[in-house]
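Encoded as structure tokens, the structure appears first; notes follow it.
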Amino acid sequence: MPISTYEYAKICQTRRFEAFEFREGRIWLKKRSDKRCIFTFPFLGQWLCGLQNEKPHVCRMWPFRVADRPLYSREERARYEGSEWTGYVYVDPRCPRLIYGKPTFKFMRRVVEEFVQIATRRISHQNCSTASESFAFSGFSLTRTT
């Protein structure tokens with residue numbers, strides 16, 4: 001994933017420089033041999049991001065793409081009308097945990113709305129659309145350490 005110079009500098013404050021590639025005039029997060037981001041790690045059958053608060057914008061947005069105008073066919077299905085913004089929301093079909101069907105009201109009003117707010121820069125921190133940096137699970141907590 002390509003990241004901005006600001007995001008690179010922010011991540012480098014707590015992470016190693018070897019986690020990045022410089023090509024095509026851009027900075028990229030490296031991937032492991034299994035094609036996953038170098039910062040993901042397995043936990044209880046899921047892959048979690050080890051960056052969380054330092055997570056680049058492109059990673060915060062995965063697997064959604066938010067646009068002011070239609071980008072693909074079926075624009076009527078992608079149209080999103082929120083309280084502060086109207087536009088188009090798409091999901092990347094390469095997402096391995098994607099479930100097709102009609103989304104729940106809670107998903108539309110909490111998760112998709114959060115992605116829209118992140119995309120339109122109204123918020124930057126994820127609450128509903130990611131695992132928290134520190135969370136309790138079955139009596140123990142997982143906290144990122146550097």
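Identifiers in the structure tokens: chain A, B, ... in order shown; residue index from 1 per chain; ligand index from 1 in order shown.
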
**Request:** Using only C-alpha atoms, determine which residues lie at most 10 Å from range 100-111 of chain A, disregarding the query and same-chain residues fewer than 3 positions distant; provide the list as a PyMOL selection string.
**Result:** chain A and resi 80+82+93+97+114-117+126-130

**Message:** If we count only C-alpha atoms and set the cut-off at 12 Å, which residues sit around Glu75 in chain A, ignoring sequence neighbours fewer than 5 positions away in its own chain? Please answer as an MDAnalysis selection string.
**Reply:** chainID A and resid 67:70 80 87:90

**Message:** Calculated over only C-alpha atoms, which of the candidates A:Cys95, A:Ala78, A:Cys12, A:Ala119 has the smallest distance to Glu54 in chain A?
**Reply:** A:Cys12

**Request:** Could you pull out the residues in chain A that DSSP calls helix (DSSP H, G or I) from the backbone, as JSON, numbers by chain?
**Result:** {"A": [5, 6, 7, 8, 9, 10, 11, 12, 17, 18, 19, 52, 53, 54, 57, 58, 59, 60, 61, 75, 76, 77, 78, 105, 106, 107, 108, 109, 110, 111, 112, 113, 114, 115, 116, 117, 118, 119]}

Export of prior selection with C-alpha atoms as a compact mmCIF listing (two decimals), in the first residue's frame:
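Writing the result to part38.txt gives the following:
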```txt
# COMPACT_ATOMS: atom_id res chain seq x y z
CA THR A 5 5.52 11.07 3.60
CA TYR A 6 3.79 12.26 6.78
CA GLU A 7 2.48 8.75 7.51
CA TYR A 8 5.95 7.31 6.84
CA ALA A 9 7.54 9.76 9.29
CA LYS A 10 4.88 9.04 11.92
CA ILE A 11 5.29 5.26 11.66
CA CYS A 12 9.11 5.48 11.65
CA PHE A 17 12.78 1.52 8.51
CA GLU A 18 13.06 -1.92 6.90
CA ALA A 19 9.24 -2.12 6.81
CA GLN A 52 -3.73 0.99 14.87
CA ASN A 53 -3.20 4.64 15.91
CA GLU A 54 -0.42 5.00 13.32
CA HIS A 57 -5.28 6.46 5.65
CA VAL A 58 -5.33 3.87 2.86
CA CYS A 59 -5.29 1.10 5.48
CA ARG A 60 -8.03 2.75 7.55
CA MET A 61 -10.20 2.78 4.45
CA GLU A 75 -24.18 3.44 -9.22
CA GLU A 76 -27.65 3.23 -7.67
CA ARG A 77 -26.45 0.41 -5.39
CA ALA A 78 -23.33 2.34 -4.37
CA PHE A 105 -29.01 -1.09 9.65
CA LYS A 106 -26.31 -1.07 12.34
CA PHE A 107 -23.60 -1.79 9.76
CA MET A 108 -24.83 1.02 7.50
CA ARG A 109 -25.25 3.58 10.27
CA ARG A 110 -22.15 2.80 12.30
CA VAL A 111 -19.48 1.12 10.16
CA VAL A 112 -20.15 2.59 6.71
CA GLU A 113 -20.81 6.02 8.24
CA GLU A 114 -17.44 5.79 10.00
CA PHE A 115 -15.67 4.98 6.71
CA VAL A 116 -17.42 7.93 5.06
CA GLN A 117 -16.33 10.24 7.90
CA ILE A 118 -12.74 8.98 7.62
CA ALA A 119 -12.74 9.40 3.83
```

Per DSSP on the backbone, filter chain A down to the residues in strand (DSSP E) and report them as a CSV table (one decimal) with N, CA and C atoms, in the first residue's frame.
```csv
chain,number,residue,atom,x,y,z
A,2,PRO,N,0.6,2.2,-0.9
A,2,PRO,CA,1.4,3.4,-0.9
A,2,PRO,C,0.9,4.3,0.3
A,3,ILE,N,1.9,5.0,0.9
A,3,ILE,CA,1.5,5.9,2.0
A,3,ILE,C,2.2,7.2,1.8
A,20,PHE,N,9.6,-0.6,4.9
A,20,PHE,CA,9.1,0.2,3.8
A,20,PHE,C,9.9,-0.1,2.5
A,21,GLU,N,9.3,0.2,1.4
A,21,GLU,CA,9.9,0.1,0.1
A,21,GLU,C,9.8,1.5,-0.6
A,22,PHE,N,10.8,1.8,-1.3
A,22,PHE,CA,10.8,3.1,-2.0
A,22,PHE,C,10.8,2.8,-3.5
A,23,ARG,N,9.7,3.0,-4.2
A,23,ARG,CA,9.7,2.7,-5.7
A,23,ARG,C,8.6,3.5,-6.3
A,26,ARG,N,7.3,6.7,-4.7
A,26,ARG,CA,6.4,6.6,-3.6
A,26,ARG,C,6.9,5.7,-2.5
A,27,ILE,N,6.3,5.8,-1.3
A,27,ILE,CA,6.7,5.0,-0.2
A,27,ILE,C,5.6,3.9,0.0
A,28,TRP,N,6.0,2.7,0.1
A,28,TRP,CA,5.1,1.6,0.2
A,28,TRP,C,5.3,0.8,1.5
A,29,LEU,N,4.3,0.3,2.1
A,29,LEU,CA,4.4,-0.7,3.2
A,29,LEU,C,4.8,-2.0,2.6
A,40,THR,N,0.7,-6.8,10.0
A,40,THR,CA,-0.4,-7.7,10.5
A,40,THR,C,0.2,-8.8,11.3
A,41,PHE,N,-0.7,-9.3,12.2
A,41,PHE,CA,-0.3,-10.5,13.0
A,41,PHE,C,-1.5,-11.3,13.3
A,42,PRO,N,-1.3,-12.7,13.4
A,42,PRO,CA,-2.5,-13.5,13.7
A,42,PRO,C,-2.9,-13.5,15.2
A,43,PHE,N,-4.2,-13.5,15.4
A,43,PHE,CA,-4.7,-13.5,16.8
A,43,PHE,C,-6.0,-14.1,16.8
A,46,GLN,N,-7.8,-14.5,13.5
A,46,GLN,CA,-8.0,-13.3,12.6
A,46,GLN,C,-6.6,-12.7,12.5
A,47,TRP,N,-6.6,-11.8,11.5
A,47,TRP,CA,-5.4,-11.0,11.3
A,47,TRP,C,-5.6,-9.6,11.7
A,48,LEU,N,-4.8,-9.1,12.6
A,48,LEU,CA,-5.0,-7.8,13.2
A,48,LEU,C,-3.8,-6.9,12.7
A,49,CYS,N,-4.1,-5.6,12.7
A,49,CYS,CA,-3.1,-4.6,12.3
A,49,CYS,C,-2.3,-4.2,13.6
A,64,PHE,N,-13.0,-0.3,1.8
A,64,PHE,CA,-14.0,0.6,1.2
A,64,PHE,C,-13.3,1.7,0.3
A,65,ARG,N,-14.0,2.1,-0.6
A,65,ARG,CA,-13.6,3.3,-1.5
A,65,ARG,C,-14.8,4.2,-1.5
A,66,VAL,N,-14.5,5.4,-1.1
A,66,VAL,CA,-15.6,6.5,-1.0
A,66,VAL,C,-15.3,7.5,-2.1
A,67,ALA,N,-16.3,7.9,-2.9
A,67,ALA,CA,-16.1,8.9,-3.9
A,67,ALA,C,-17.3,9.8,-4.0
A,79,ARG,N,-24.8,4.3,-4.1
A,79,ARG,CA,-25.1,5.6,-3.6
A,79,ARG,C,-25.4,5.6,-2.1
A,80,TYR,N,-24.8,6.5,-1.5
A,80,TYR,CA,-24.9,6.7,0.0
A,80,TYR,C,-25.4,8.1,0.3
A,81,GLU,N,-26.4,8.1,1.1
A,81,GLU,CA,-27.0,9.4,1.5
A,81,GLU,C,-26.9,9.5,3.1
A,86,THR,N,-23.3,13.1,0.7
A,86,THR,CA,-23.9,12.2,-0.2
A,86,THR,C,-22.9,11.9,-1.3
A,87,GLY,N,-22.8,10.6,-1.6
A,87,GLY,CA,-21.8,10.2,-2.6
A,87,GLY,C,-21.9,8.7,-2.8
A,88,TYR,N,-20.8,8.0,-3.1
A,88,TYR,CA,-20.8,6.6,-3.5
A,88,TYR,C,-19.8,5.9,-2.7
A,89,VAL,N,-20.2,4.7,-2.2
A,89,VAL,CA,-19.3,3.8,-1.3
A,89,VAL,C,-19.2,2.5,-2.0
A,90,TYR,N,-18.0,2.1,-2.3
A,90,TYR,CA,-17.7,0.8,-2.9
A,90,TYR,C,-16.9,-0.1,-1.9
A,91,VAL,N,-17.0,-1.4,-2.1
A,91,VAL,CA,-16.2,-2.3,-1.3
A,91,VAL,C,-15.4,-3.1,-2.3
A,134,SER,N,-6.1,-1.8,22.2
A,134,SER,CA,-6.0,-2.6,23.5
A,134,SER,C,-7.4,-3.1,23.7
A,135,PHE,N,-7.6,-4.4,23.8
A,135,PHE,CA,-8.9,-4.9,24.1
A,135,PHE,C,-8.8,-6.1,25.0
A,136,ALA,N,-9.9,-6.3,25.7
A,136,ALA,CA,-9.9,-7.4,26.6
A,136,ALA,C,-10.6,-8.6,25.9
A,137,PHE,N,-10.1,-9.8,26.1
A,137,PHE,CA,-10.7,-11.0,25.5
A,137,PHE,C,-10.5,-12.1,26.4
A,140,PHE,N,-7.9,-11.8,29.4
A,140,PHE,CA,-6.6,-11.2,29.2
A,140,PHE,C,-6.7,-10.1,28.2
A,141,SER,N,-5.7,-9.2,28.2
A,141,SER,CA,-5.7,-8.1,27.2
A,141,SER,C,-4.6,-8.2,26.3
A,142,LEU,N,-4.8,-7.7,25.1
A,142,LEU,CA,-3.8,-7.6,24.1
A,142,LEU,C,-3.5,-6.1,23.9
A,143,THR,N,-2.3,-5.7,24.2
A,143,THR,CA,-1.9,-4.3,24.1
A,143,THR,C,-0.6,-4.2,23.2
```

**Complete:** For Arg15 in chain A, the closest of A:Lys31, A:Arg36, A:Lys55, A:His125 counting only C-alpha atoms is A:Lys55

**Asked** Pick the closest to Phe39 in chain A from A:Ile99, A:Met1, A:Pro63, A:Arg94: which is it, counting only C-alpha atoms?
**Response** A:Met1
